[in-house]
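Heads up: the structure comes next, in structure tokens.
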There are 6 protein chains.
Amino acid sequence: MEIVFRRFLDFIYEDNPFWDLTTEALVSENINVKAAIVAREDGLVACVEDVASILRRLGLSVKIVVGDGGYVKKGDIVMEITGNARTVLSIERTMLNLLMHCSGIATTVRRLVNRVREVNSRVRVAATRKTLPGLRYFEKKAVLIGGGDTHRLSLSDAILIKDNHIKIVGDVAKAVRIAREKKSFIHEIEVEVTNASDAIAAAEAGANIIMFDNMTPEEVRRAIEELRKRGLRDRVLIEVSGGITEDNIIDYAKLDVDIISCGWITLSSKALDMSLEIIEVLEK
Amino acid sequence: MEIVFRRFLDFIYEDNPFWDLTTEALVSENINVKAAIVAREDGLVACVEDVASILRRLGLSVKIVVGDGGYVKKGDIVMEITGNARTVLSIERTMLNLLMHCSGIATTVRRLVNRVREVNSRVRVAATRKTLPGLRYFEKKAVLIGGGDTHRLSLSDAILIKDNHIKIVGDVAKAVRIAREKKSFIHEIEVEVTNASDAIAAAEAGANIIMFDNMTPEEVRRAIEELRKRGLRDRVLIEVSGGITEDNIIDYAKLDVDIISCGWITLSSKALDMSLEIIEVLEK
Amino acid sequence: MEIVFRRFLDFIYEDNPFWDLTTEALVSENINVKAAIVAREDGLVACVEDVASILRRLGLSVKIVVGDGGYVKKGDIVMEITGNARTVLSIERTMLNLLMHCSGIATTVRRLVNRVREVNSRVRVAATRKTLPGLRYFEKKAVLIGGGDTHRLSLSDAILIKDNHIKIVGDVAKAVRIAREKKSFIHEIEVEVTNASDAIAAAEAGANIIMFDNMTPEEVRRAIEELRKRGLRDRVLIEVSGGITEDNIIDYAKLDVDIISCGWITLSSKALDMSLEIIEVLEK
Amino acid sequence: MEIVFRRFLDFIYEDNPFWDLTTEALVSENINVKAAIVAREDGLVACVEDVASILRRLGLSVKIVVGDGGYVKKGDIVMEITGNARTVLSIERTMLNLLMHCSGIATTVRRLVNRVREVNSRVRVAATRKTLPGLRYFEKKAVLIGGGDTHRLSLSDAILIKDNHIKIVGDVAKAVRIAREKKSFIHEIEVEVTNASDAIAAAEAGANIIMFDNMTPEEVRRAIEELRKRGLRDRVLIEVSGGITEDNIIDYAKLDVDIISCGWITLSSKALDMSLEIIEVLEK
Amino acid sequence: MEIVFRRFLDFIYEDNPFWDLTTEALVSENINVKAAIVAREDGLVACVEDVASILRRLGLSVKIVVGDGGYVKKGDIVMEITGNARTVLSIERTMLNLLMHCSGIATTVRRLVNRVREVNSRVRVAATRKTLPGLRYFEKKAVLIGGGDTHRLSLSDAILIKDNHIKIVGDVAKAVRIAREKKSFIHEIEVEVTNASDAIAAAEAGANIIMFDNMTPEEVRRAIEELRKRGLRDRVLIEVSGGITEDNIIDYAKLDVDIISCGWITLSSKALDMSLEIIEVLEK
Amino acid sequence: MEIVFRRFLDFIYEDNPFWDLTTEALVSENINVKAAIVAREDGLVACVEDVASILRRLGLSVKIVVGDGGYVKKGDIVMEITGNARTVLSIERTMLNLLMHCSGIATTVRRLVNRVREVNSRVRVAATRKTLPGLRYFEKKAVLIGGGDTHRLSLSDAILIKDNHIKIVGDVAKAVRIAREKKSFIHEIEVEVTNASDAIAAAEAGANIIMFDNMTPEEVRRAIEELRKRGLRDRVLIEVSGGITEDNIIDYAKLDVDIISCGWITLSSKALDMSLEIIEVLEK
């Protein structure tokens with residue numbers, strides 16, 4: 001939490017390198033307010049507990065009305081905030097930007113999860129490392145809250161052998177073998193492939209997870225069939241990624257896949273609209 | 001530039017708190033590569049020059065093929081990068097995330113600018129402070145590159161009196177008067193209003209800019225008419241904001257307004273898809 | 001406030017990279033003290049509220065006796081501090097250095113403001129960007145507290161076209177036109193000139209503020225006359241700067257100018273002497 | 001040097017949280033300039049070598065014309081700078097603020113040293129810990145360059161027992177004894193006293209340095225006499241401090257003292273005026 | 001690498017908050033030296049390539065004589081450094097402290113690996129999270145260089161259910177089930193147990209790795225036997241940890257275990273002695 | 001303390017770049033625990049008060065059972081901690097790593113001090129600058145707590161002329177003379193020598209402390225004899241360093257030396273084993 005707080009202070013500083021000219025001019029130090037964060041559209045809220053902790057650290061009282069993963073309708077209050085008016089007003093925008101962004105991601109993830117669950121009770125919807133620089137902690141938290149899978153948090157928590165690695169090493173099997181030898185026992189090996197033969201080579205060489213990248217549902221189906229024929233299907237997890245949209249995700253979900261991942265969940269996320277309304281002005 | 005570089009190092013660190021397990025295992029230190037950043041959809045590229053400077057600081061050679069504000073079609077090369085394979089691979093994702101995000105914003109801004117220009121050659125499309133925390137520098141740069149107006153960069157560069165301020169101060173005119181007295185001569189005063197009478201009060205009290213917030217085009221038209229009747233229209237700039245979408249922006253652009261601003265340009269931006277392809281593997 | 005606190009921690013660290021050898025050796029952890037910050041000369045105090053907030057964050061109790069902008073006479077108590085003796089003693093010097101510096105600036109500004117007000121009730125005394133690196137927040141706050149105008153807080157909050165810019169662009173009018181076109185609608189344009197014809201060119205091109213730099217009062221008077229003849233005087237604010245001292249400031253104040261700015265207010269400021277006296281030693 | 005560079009980047013960032021609006025608008029990326037830093041009054045330059053190293057790190061070419069400790073007359077060139085116009089213009093103010101401040105300190109120190117040397121070839125002029133927060137490295141360097149003595153760099157490099165410590169411990173001799181026992185063998189003990197008897201107690205208890213604080217020259221003379229009578233004079237160094245001005249410093253210098261220290265050298269320093277002039281505009 | 005460099009700058013700053021008093025006084029700016037880092041005892045060198053990169057960034061020329069993982073005998077040169085004498089001398093200690101620490105770790109790891117390999121060609125020697133705060137990057141690199149396994153790099157790269165977690169959750173199997181449900185597919189689950197029945201419960205619940213903590217070799221042998229009986233041995237990796245010393249490690253290595261981990265490799269490491277010798281003094 | 005806290009946050013962040021995967025999955029936010037830090041071997045505890053302050057800042061209740069410098073036997077409780085289970089579990093390792101490291105150093109120092117005191121009541125056991133990068137504050141504190149002497153805290157608090165400096169300057173006496181002239185009066189001069197004649201030269205030139213480096217006890221004895229013959233012994237402190245082990249330290253302690261310093265106290269320290277045991281699980 002402390003680290004999240006420090007990062008939030010950096011965000012405030014970005015928006016306020018000197019002081020809030022407007023608030024400093026118009027609002028005297030001895031004014032307190034009661035304010036509410038209000039949803040302006042329907043969706044899932046996320047990172048509200050992180051934000052509440054931050055606000056408390058800044059000396060504000062917070063009452064969470066709808067917590068992480070809760071569903072709000074337009075007009076619902078998400079949290080109530082009471083405290084120094086200058087503090088509230090000068091962090092309003094930063095706080096909303098963060099909450100709206102995270103809630104937007106969680107809302108999208110939940111919608112995708114609900115969709116795929118209709119046809120496949122086991123498949124997971126995962127995010128990728130296509131996150132907005134500096135915001136990965138918050139975005140991955142939002143993915144979890146929405147019911148998704150974080151996937152790798154960073155380059156330092158698993159092996160994922162991609163096309164560019166294979167271009168350098170020469171072939172898939174060799175890459176997997178080297179990785180197995182050099183990696184820690186604690187880390188998994190995933191391999192990105194674009195066809196069945198590489199999938200087979202990767203699985204045979206000992207990869208734990210196969211990612212089918214940018215393949216059509218039919219191509220994926222056939223590749224899985226090839227793995228199954230060779231008794232390899234159950235030795236690996238199967239992820240599909242690349243070109244998966246809200247429209248076609250159901251076609252992938254119907255396959256025998258374990259994970260469906262989408263970079264746009266985080267990199268092209270749509271914010272969930274919220275606003276901060278002052279409910280009452282209190283003299284201190 | 002140095003500060004941008006430091007921020008980029010923070011972004012790399014977020015993605016790589018220890019080391020890139022995959023690349024460290026598979027790619028030896030003495031491999032160099034030639035790689036290309038390739039557009040995977042059509043759009044405007046942005047922040048490519050900032051990114052190129054960063055890459056050079058990291059010891060890579062960069063040739064910019066399409067510079068800031070240039071238009072790319074799917075498959076076009078944006079820049080070529082030559083240098084140490086480990087460096088290239090371990091920053092690939094961070095670099096793409098940033099470029100794709102900024103280019104997405106610039107592409108959106110340019111599309112909006114082109115749209116409004118068809119009916120109003122003078123109106124500006126502006127961003128707001130609804131930016132993703134930690135990314136304001138890059139997002140505002142992208143807005144400029146797309147042909148938009150940055151609006152306030154932070155709380156410290158102009159006065160913008162909003163509904164919450166007015167709730168505390170009591171009335172619009174009083175708020176403007178206090179702000180005029182306390183602010184530096186170098187800073188402007190903008191006031192957010194939701195009706196004609198507040199707009200008149202603000203203009204009469206000496207506001208430099210009036211922002212009509214969450215009003216329909218017809219409401220805005222009538223409010224401007226009221227200002228004009230009182231000889232106030234030319235003493236202020238007029239901004240419209242709130243609820244403006246790609247669909248209705250043209251309706252606002254047809255009015256006698258100076259600025260149209262949209263928070264979603266930055267807060268719900270859609271990334272422009274790009275990838276990094278290794279073209280050639282070179283031993284050092 | 002949080003950011004100010006972080007910066008203050010950096011200041012403490014500068015003075016105390018390991019520990020306070022003297023206090024650690026002589027003062028045991030369980031001693032509390034009551035201490036007073038005492039003015040050792042007459043003047044205006046500044047940043048006392050910022051410092052008090054910081055001290056409270058460090059676990060000390062603080063009673064402000066004379067707040068920001070209050071006047072103290074030699075021997076007056078500015079604030080009383082109660083708490084852990086080690087904390088008090090190890091931050092004493094840093095706290096005093098900051099308070100003395102800010103109070104010195106505010107005292108100077110107030111004296112200048114009082115002086116110019118005798119002959120011109122409207123003119124403002126402004127600081128410049130000639131501030132001590134790392135201390136701008138505090139110095140600009142002190143200027144405000146003294147009754148002065150902060151002027152630009154940074155390079156990112158207004159356009160100020162100076163001689164070196166004009167040398168590159170070629171001429172004043174062109175520079176103003178380019179700036180008007182490229183800048184955000186929210187930012188003002190000021191132009192530094194050294195003669196009447198450039199002032200006229202700048203005003204005609206649409207500058208909002210004209211700064212007469214390093215000109216004698218008589219030269220300024222004549223330049224303003226030229227602007228007035230052309231109906232330009234009331235379309236701009238007029239600032240004078242450069243070579244203005246406590247001795248000659250009155251000569252500039254008598255002119256029809258809006259702002260008088262002096263770099264030495266912050267860059268050659270004289271500290272207001274204060275000391276910290278332990279009043280009572282308390283066992284915990 | 002690296003650390004100095006990092007600190008300078010912080011200073012640039014303070015002045016430029018987003019970008020230099022003026023330079024970005026008016027000066028295109030492909031312009032180079034040749035510029036000179038010119039003294040606008042006579043004095044000693046300081047920290048010019050630190051600043052030159054920083055500028056080189058920022059990609060500029062620098063020719064130092066007058067190095068640290070060199071004397072300039074009004075109009076003399078201190079250094080010549082060639083490179084990217086945007087870089088030069090956006091750091092101009094920060095660079096000048098630092099150079100002017102340090103050179104002002106060095107100029108003052110040199111003047112004081114010259115003055116005291118006329119009557120006492122052995123006495124040192126020292127600064128104190130009354131430095132501007134965040135600038136101690138630069139200010140202490142400037143003191144050295146001016147021919148002064150830095151005194152303690154921080155609370156962590158020597159023991160200095162002051163009035164507030166003695167109030168807590170109870171008496172001078174006891175404080176010195178405790179400090180001797182607890183401190184490292186590598187650190188000295190200095191004691192601040194305001195009368196002869198405390199000076200005697202401190203010296204007898206083993207203090208290495210006695211500081212006479214806020215005493216008149218005559219009081220100091222008599223106190224030293226008392227030390228000499230007891231054979232203690234040559235076992236300690238003697239520092240005088242407090243209330244020493246340019247006017248009365250000579251009276252202290254005539255005494256048998258080793259060090260004269262003045263807080264105002266750094267805390268109320270007067271900057272040495274300089275400016276940056278563009279000499280030539282070069283297309284890249 | 002950039003991040004490693006930044007961290008090294010922090011280390012230099014810790015040792016040098018102002019300047020190197022000795023070097024600044026004795027060594028003029030225009031002296032260059034050629035120096036050698038010399039081993040003062042036999043062992044494996046580690047992090048020499050990281051250190052070399054850092055030195056190059058500081059403007060020094062470096063020739064690596066013995067690279068990472070190379071074996072040196074007392075008196076052997078590890079690397080040669082040429083460049084500015086002040087730079088070399090002021091970073092000498094920091095550089096040696098880091099190299100000696102890392103090389104000490106690598107030397108220990110290699111010795112343990114060689115020992116266990118005599119009886120078990122497959123077992124890995126692993127470090128733990130018992131690393132010195134702030135040094136994990138370097139210590140884990142040294143472990144790799146010595147031929148060991150890094151184990152978890154942080155709390156964010158795998159699940160490791162320990163006694164304290166189980167106390168809270170209630171029982172092993174439940175803990176494993178919850179973790180399986182909540183964790184990402186990309187992360188492994190390891191469980192720390194102290195007896196066979198918990199090992200069985202963990203394995204049956206789907207743990208990937210079982211760690212036998214603080215058990216005698218005989219206890220471990222019997223527990224593995226129990227796993228084997230139930231057909232669980234090959235579904236998990238087996239780690240032993242706790243109380244393993246240089247003396248008894250061979251007894252554990254003889255068992256059917258996959259990983260032997262020791263916290264003291266990093267937390268009680270013995271440095272490999274090295275020194276820096278100036279070989280030649282060169283005027284610039 | 002604040003700075004120590006900030007550094008501890010960095011340590012936590014190193015171990016937890018995103019979140020503690022295990023604790024986040026298994027332990028819900030509303031669980032509190034009571035836990036104890038228990039010694040697993042006999043020794044002296046150190047930095048327990050610094051750690052307790054940090055834990056309190058993180059919202060935990062702490063009861064120190066054995067404070068800094070207290071002696072614990074295997075099984076003794078060092079401190080009790082009550083509070084949020086997630087917080088406790090996610091900082092457990094970092095906190096233990098720091099405490100175990102510092103306590104190990106203090107334990108070693110105390111043992112050495114006790115040993116030398118048997119033969120020499122006056123000699124001090126000192127650490128050196130051979131500390132682990134980033135941990136100097138904690139390690140030097142541990143040395144003090146163990147009864148040792150910190151020696152220099154950094155390069156900025158005393159002059160220590162070493163072999164490499166003398167190689168550059170040319171001879172010992174010259175080096176001492178230059179240092180005396182250039183250094184502040186507040187800093188001491190120590191000189192490292194390897195024979196009697198250099199010791200004599202250094203002492204005659206005015207060094208305050210002579211360090212005999214890498215000499216046998218007999219060589220040191222003779223060198224001191226030479227100093228004594230010339231009446232120089234009592235004008236300097238004498239330190240011995242280099243090659244001093246637990247086995248031979250007593251041979252040095254029997255000599256007429258003032259300080260015995262050992263780099264391995266900090267650079268090859270053995271941690272004092274401790275663990276954290278959850279005593280009670282409490283619902284909030």
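Chain labels run A, B, ... following the order of the structure tokens; each chain numbers its residues from 1, and ligands are numbered from 1 in the order shown.
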
When the cut-off is 12 Å and we count only C-alpha atoms, which residues of chain E are near chain D, given as a list in words?
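The selection requested is Phe5, Arg6, Arg7, Phe8, Leu9, Asp10, Phe11, Ile12, Tyr13, Glu14, Asp15, Asn16, Pro17, Phe18, Trp19, Asp20, Leu21, Glu24, Ala25, Glu29, Ile54, Leu55, Arg57, Leu58, Gly59, Arg86, Thr87, Ser90 and Ile91 of chain E.
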
Limited to N, CA and C atoms, could you put the picked residues into a file as a PDB file, in the first residue's frame?
```
ATOM      1  N   PHE E   5      22.584   0.926 -13.259  1.00  0.00           N
ATOM      2  CA  PHE E   5      23.422   2.120 -13.174  1.00  0.00           C
ATOM      3  C   PHE E   5      22.858   3.116 -12.168  1.00  0.00           C
ATOM      4  N   ARG E   6      21.560   3.337 -12.244  1.00  0.00           N
ATOM      5  CA  ARG E   6      20.944   4.261 -11.282  1.00  0.00           C
ATOM      6  C   ARG E   6      21.152   3.798  -9.848  1.00  0.00           C
ATOM      7  N   ARG E   7      21.028   2.467  -9.648  1.00  0.00           N
ATOM      8  CA  ARG E   7      21.197   1.959  -8.296  1.00  0.00           C
ATOM      9  C   ARG E   7      22.653   2.144  -7.831  1.00  0.00           C
ATOM     10  N   PHE E   8      23.575   1.950  -8.762  1.00  0.00           N
ATOM     11  CA  PHE E   8      24.980   2.140  -8.409  1.00  0.00           C
ATOM     12  C   PHE E   8      25.239   3.600  -8.042  1.00  0.00           C
ATOM     13  N   LEU E   9      24.604   4.526  -8.753  1.00  0.00           N
ATOM     14  CA  LEU E   9      24.756   5.945  -8.394  1.00  0.00           C
ATOM     15  C   LEU E   9      24.266   6.190  -6.966  1.00  0.00           C
ATOM     16  N   ASP E  10      23.200   5.523  -6.581  1.00  0.00           N
ATOM     17  CA  ASP E  10      22.740   5.645  -5.192  1.00  0.00           C
ATOM     18  C   ASP E  10      23.793   5.124  -4.218  1.00  0.00           C
ATOM     19  N   PHE E  11      24.435   4.048  -4.604  1.00  0.00           N
ATOM     20  CA  PHE E  11      25.471   3.491  -3.728  1.00  0.00           C
ATOM     21  C   PHE E  11      26.644   4.465  -3.604  1.00  0.00           C
ATOM     22  N   ILE E  12      27.031   5.050  -4.725  1.00  0.00           N
ATOM     23  CA  ILE E  12      28.123   6.027  -4.680  1.00  0.00           C
ATOM     24  C   ILE E  12      27.721   7.205  -3.790  1.00  0.00           C
ATOM     25  N   TYR E  13      26.500   7.609  -3.916  1.00  0.00           N
ATOM     26  CA  TYR E  13      26.031   8.771  -3.153  1.00  0.00           C
ATOM     27  C   TYR E  13      26.026   8.471  -1.658  1.00  0.00           C
ATOM     28  N   GLU E  14      25.676   7.238  -1.325  1.00  0.00           N
ATOM     29  CA  GLU E  14      25.706   6.836   0.088  1.00  0.00           C
ATOM     30  C   GLU E  14      27.111   7.010   0.661  1.00  0.00           C
ATOM     31  N   ASP E  15      28.098   6.679  -0.147  1.00  0.00           N
ATOM     32  CA  ASP E  15      29.484   6.751   0.331  1.00  0.00           C
ATOM     33  C   ASP E  15      30.043   8.155   0.175  1.00  0.00           C
ATOM     34  N   ASN E  16      29.324   9.004  -0.514  1.00  0.00           N
ATOM     35  CA  ASN E  16      29.910  10.285  -0.894  1.00  0.00           C
ATOM     36  C   ASN E  16      28.844  11.372  -0.959  1.00  0.00           C
ATOM     37  N   PRO E  17      28.244  11.719   0.169  1.00  0.00           N
ATOM     38  CA  PRO E  17      27.115  12.658   0.116  1.00  0.00           C
ATOM     39  C   PRO E  17      27.516  14.066  -0.335  1.00  0.00           C
ATOM     40  N   PHE E  18      28.772  14.439  -0.148  1.00  0.00           N
ATOM     41  CA  PHE E  18      29.212  15.751  -0.654  1.00  0.00           C
ATOM     42  C   PHE E  18      30.333  15.541  -1.665  1.00  0.00           C
ATOM     43  N   TRP E  19      31.552  15.343  -1.175  1.00  0.00           N
ATOM     44  CA  TRP E  19      32.615  14.949  -2.098  1.00  0.00           C
ATOM     45  C   TRP E  19      33.639  14.153  -1.311  1.00  0.00           C
ATOM     46  N   ASP E  20      34.565  13.518  -2.041  1.00  0.00           N
ATOM     47  CA  ASP E  20      35.612  12.715  -1.425  1.00  0.00           C
ATOM     48  C   ASP E  20      36.665  13.702  -0.938  1.00  0.00           C
ATOM     49  N   LEU E  21      36.643  13.999   0.353  1.00  0.00           N
ATOM     50  CA  LEU E  21      37.507  15.054   0.885  1.00  0.00           C
ATOM     51  C   LEU E  21      38.978  14.804   0.551  1.00  0.00           C
ATOM     52  N   GLU E  24      39.688  14.971  -3.430  1.00  0.00           N
ATOM     53  CA  GLU E  24      39.524  16.349  -3.894  1.00  0.00           C
ATOM     54  C   GLU E  24      40.723  17.208  -3.459  1.00  0.00           C
ATOM     55  N   ALA E  25      41.238  16.924  -2.271  1.00  0.00           N
ATOM     56  CA  ALA E  25      42.371  17.722  -1.784  1.00  0.00           C
ATOM     57  C   ALA E  25      43.685  17.328  -2.447  1.00  0.00           C
ATOM     58  N   GLU E  29      42.389  17.516 -11.008  1.00  0.00           N
ATOM     59  CA  GLU E  29      41.430  17.090 -12.027  1.00  0.00           C
ATOM     60  C   GLU E  29      42.092  16.496 -13.260  1.00  0.00           C
ATOM     61  N   ILE E  54      28.941  -0.187 -15.797  1.00  0.00           N
ATOM     62  CA  ILE E  54      28.756   1.008 -14.972  1.00  0.00           C
ATOM     63  C   ILE E  54      29.969   1.928 -15.089  1.00  0.00           C
ATOM     64  N   LEU E  55      31.157   1.344 -14.987  1.00  0.00           N
ATOM     65  CA  LEU E  55      32.372   2.156 -15.060  1.00  0.00           C
ATOM     66  C   LEU E  55      32.461   2.869 -16.405  1.00  0.00           C
ATOM     67  N   ARG E  57      29.993   3.809 -18.246  1.00  0.00           N
ATOM     68  CA  ARG E  57      29.025   4.920 -18.180  1.00  0.00           C
ATOM     69  C   ARG E  57      29.589   6.108 -17.412  1.00  0.00           C
ATOM     70  N   LEU E  58      30.531   5.837 -16.512  1.00  0.00           N
ATOM     71  CA  LEU E  58      31.149   6.922 -15.742  1.00  0.00           C
ATOM     72  C   LEU E  58      32.380   7.488 -16.457  1.00  0.00           C
ATOM     73  N   GLY E  59      32.581   7.058 -17.716  1.00  0.00           N
ATOM     74  CA  GLY E  59      33.648   7.642 -18.518  1.00  0.00           C
ATOM     75  C   GLY E  59      34.990   6.936 -18.408  1.00  0.00           C
ATOM     76  N   ARG E  86      40.369  11.012 -10.115  1.00  0.00           N
ATOM     77  CA  ARG E  86      39.369  11.346  -9.093  1.00  0.00           C
ATOM     78  C   ARG E  86      38.176  10.402  -9.156  1.00  0.00           C
ATOM     79  N   THR E  87      37.742  10.113 -10.387  1.00  0.00           N
ATOM     80  CA  THR E  87      36.615   9.203 -10.541  1.00  0.00           C
ATOM     81  C   THR E  87      36.970   7.830  -9.987  1.00  0.00           C
ATOM     82  N   SER E  90      37.271   7.818  -6.130  1.00  0.00           N
ATOM     83  CA  SER E  90      36.079   8.065  -5.314  1.00  0.00           C
ATOM     84  C   SER E  90      35.017   6.966  -5.454  1.00  0.00           C
ATOM     85  N   ILE E  91      35.168   6.095  -6.441  1.00  0.00           N
ATOM     86  CA  ILE E  91      34.222   4.981  -6.515  1.00  0.00           C
ATOM     87  C   ILE E  91      34.878   3.640  -6.166  1.00  0.00           C
TER      88      ILE E  91
END
```

Find the spatial neighbours of range 200-215 of chain D, counting only C-alpha atoms, within a cut-off of 10 Å - ignore same-chain residues fewer than 5 positions away - and output them as an MDAnalysis selection string.
(chainID D and resid 159:163 171:180 187:195 220:221 223:224 226:228 230:244 252 257:261) or (chainID F and resid 185:186)

Pick out the residues sitting within 6 Å of Gly69 in chain C, and hand them over as a PyMOL selection string; count only C-alpha atoms, and ignore anything fewer than 6 positions along from it in its own chain.
chain C and resi 44-46+145

Pick out the closest residue to Thr131 in chain E from this set: E:Thr108, E:Asn97, E:Ser275, E:Ser269. Count only C-alpha atoms.
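Distance minimum relative to Thr131 in chain E lands on E:Ser269.
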
Closest to Glu49 in chain A among A:Ser103, A:Thr23, A:Ser156, A:Ser28, using only C-alpha atoms?
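So, comparing all the options, the nearest one is A:Ser103.
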
Run DSSP on the backbone and tell me which residues of range 11-102 of chain B come out as strand (DSSP E or B); list them as a list in words.
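These are the residues in question: Ile31, Asn32, Val33, Lys34, Ala35, Ala36, Ile37, Val38, Ala39, Gly43, Leu44, Ser61, Val62, Lys63, Ile64, Tyr71, Val72, Ile77, Val78, Met79, Glu80, Ile81, Thr82, Gly83 and Asn84 of chain B.
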
For CA of Gly263 in chain A and CA of Ala126 in chain A, determine how far apart the two atoms are, in Å to one decimal place.
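Computed distance, CA of Gly263 in chain A to CA of Ala126 in chain A, equals 8.7 Å.
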
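Relative to CA of Gly70 in chain E, CA of Asp273 in chain E is found at 15.2 Å.
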
At a cut-off of 8 Å, using only C-alpha atoms, what residues contact Ile105 in chain A? Leave out same-chain residues fewer than 5 positions from it and give the result as a VMD selection string.
chain A and resid 139 142 to 143 146 265 to 266 269 to 271

Output the selection as a PDB file, in the first residue's frame - N, CA, C and O atoms for each residue.
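So the final result, stored in part37.pdb, reads:
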```
ATOM      1  N   GLU A 139      -3.784  -1.561 -13.381  1.00  0.00           N
ATOM      2  CA  GLU A 139      -4.494  -2.246 -14.467  1.00  0.00           C
ATOM      3  C   GLU A 139      -4.620  -3.742 -14.191  1.00  0.00           C
ATOM      4  O   GLU A 139      -5.680  -4.338 -14.433  1.00  0.00           O
ATOM      5  N   ALA A 142      -7.214  -4.285 -11.640  1.00  0.00           N
ATOM      6  CA  ALA A 142      -8.538  -4.134 -12.235  1.00  0.00           C
ATOM      7  C   ALA A 142      -8.951  -5.396 -12.993  1.00  0.00           C
ATOM      8  O   ALA A 142     -10.118  -5.800 -12.965  1.00  0.00           O
ATOM      9  N   VAL A 143      -7.990  -6.012 -13.640  1.00  0.00           N
ATOM     10  CA  VAL A 143      -8.270  -7.250 -14.364  1.00  0.00           C
ATOM     11  C   VAL A 143      -8.718  -8.337 -13.383  1.00  0.00           C
ATOM     12  O   VAL A 143      -9.724  -9.029 -13.608  1.00  0.00           O
ATOM     13  N   GLY A 146     -12.164  -7.694 -12.138  1.00  0.00           N
ATOM     14  CA  GLY A 146     -13.168  -8.002 -13.151  1.00  0.00           C
ATOM     15  C   GLY A 146     -13.358  -9.504 -13.355  1.00  0.00           C
ATOM     16  O   GLY A 146     -14.247  -9.924 -14.094  1.00  0.00           O
ATOM     17  N   ILE A 265      -7.744  -4.918 -23.747  1.00  0.00           N
ATOM     18  CA  ILE A 265      -8.423  -4.737 -22.456  1.00  0.00           C
ATOM     19  C   ILE A 265      -7.784  -3.595 -21.674  1.00  0.00           C
ATOM     20  O   ILE A 265      -8.462  -2.789 -21.042  1.00  0.00           O
ATOM     21  N   THR A 266      -6.454  -3.559 -21.722  1.00  0.00           N
ATOM     22  CA  THR A 266      -5.743  -2.525 -20.975  1.00  0.00           C
ATOM     23  C   THR A 266      -5.244  -1.383 -21.867  1.00  0.00           C
ATOM     24  O   THR A 266      -5.230  -0.235 -21.434  1.00  0.00           O
ATOM     25  N   SER A 269      -8.529   0.665 -23.332  1.00  0.00           N
ATOM     26  CA  SER A 269      -9.663   0.565 -22.420  1.00  0.00           C
ATOM     27  C   SER A 269     -10.529   1.818 -22.480  1.00  0.00           C
ATOM     28  O   SER A 269     -10.037   2.909 -22.739  1.00  0.00           O
ATOM     29  N   LYS A 270     -11.778   1.635 -22.222  1.00  0.00           N
ATOM     30  CA  LYS A 270     -12.715   2.752 -22.179  1.00  0.00           C
ATOM     31  C   LYS A 270     -13.020   3.029 -20.709  1.00  0.00           C
ATOM     32  O   LYS A 270     -13.404   2.120 -19.969  1.00  0.00           O
ATOM     33  N   ALA A 271     -12.817   4.265 -20.290  1.00  0.00           N
ATOM     34  CA  ALA A 271     -13.049   4.621 -18.891  1.00  0.00           C
ATOM     35  C   ALA A 271     -14.534   4.510 -18.542  1.00  0.00           C
ATOM     36  O   ALA A 271     -15.406   4.686 -19.396  1.00  0.00           O
TER      37      ALA A 271
END
```

Write down as a PyMOL selection string the residues of range 13-151 of chain A whose backbone DSSP state falls under alpha helix (DSSP H).
chain A and resi 13-15+21-26+48-57+85-117+136-145
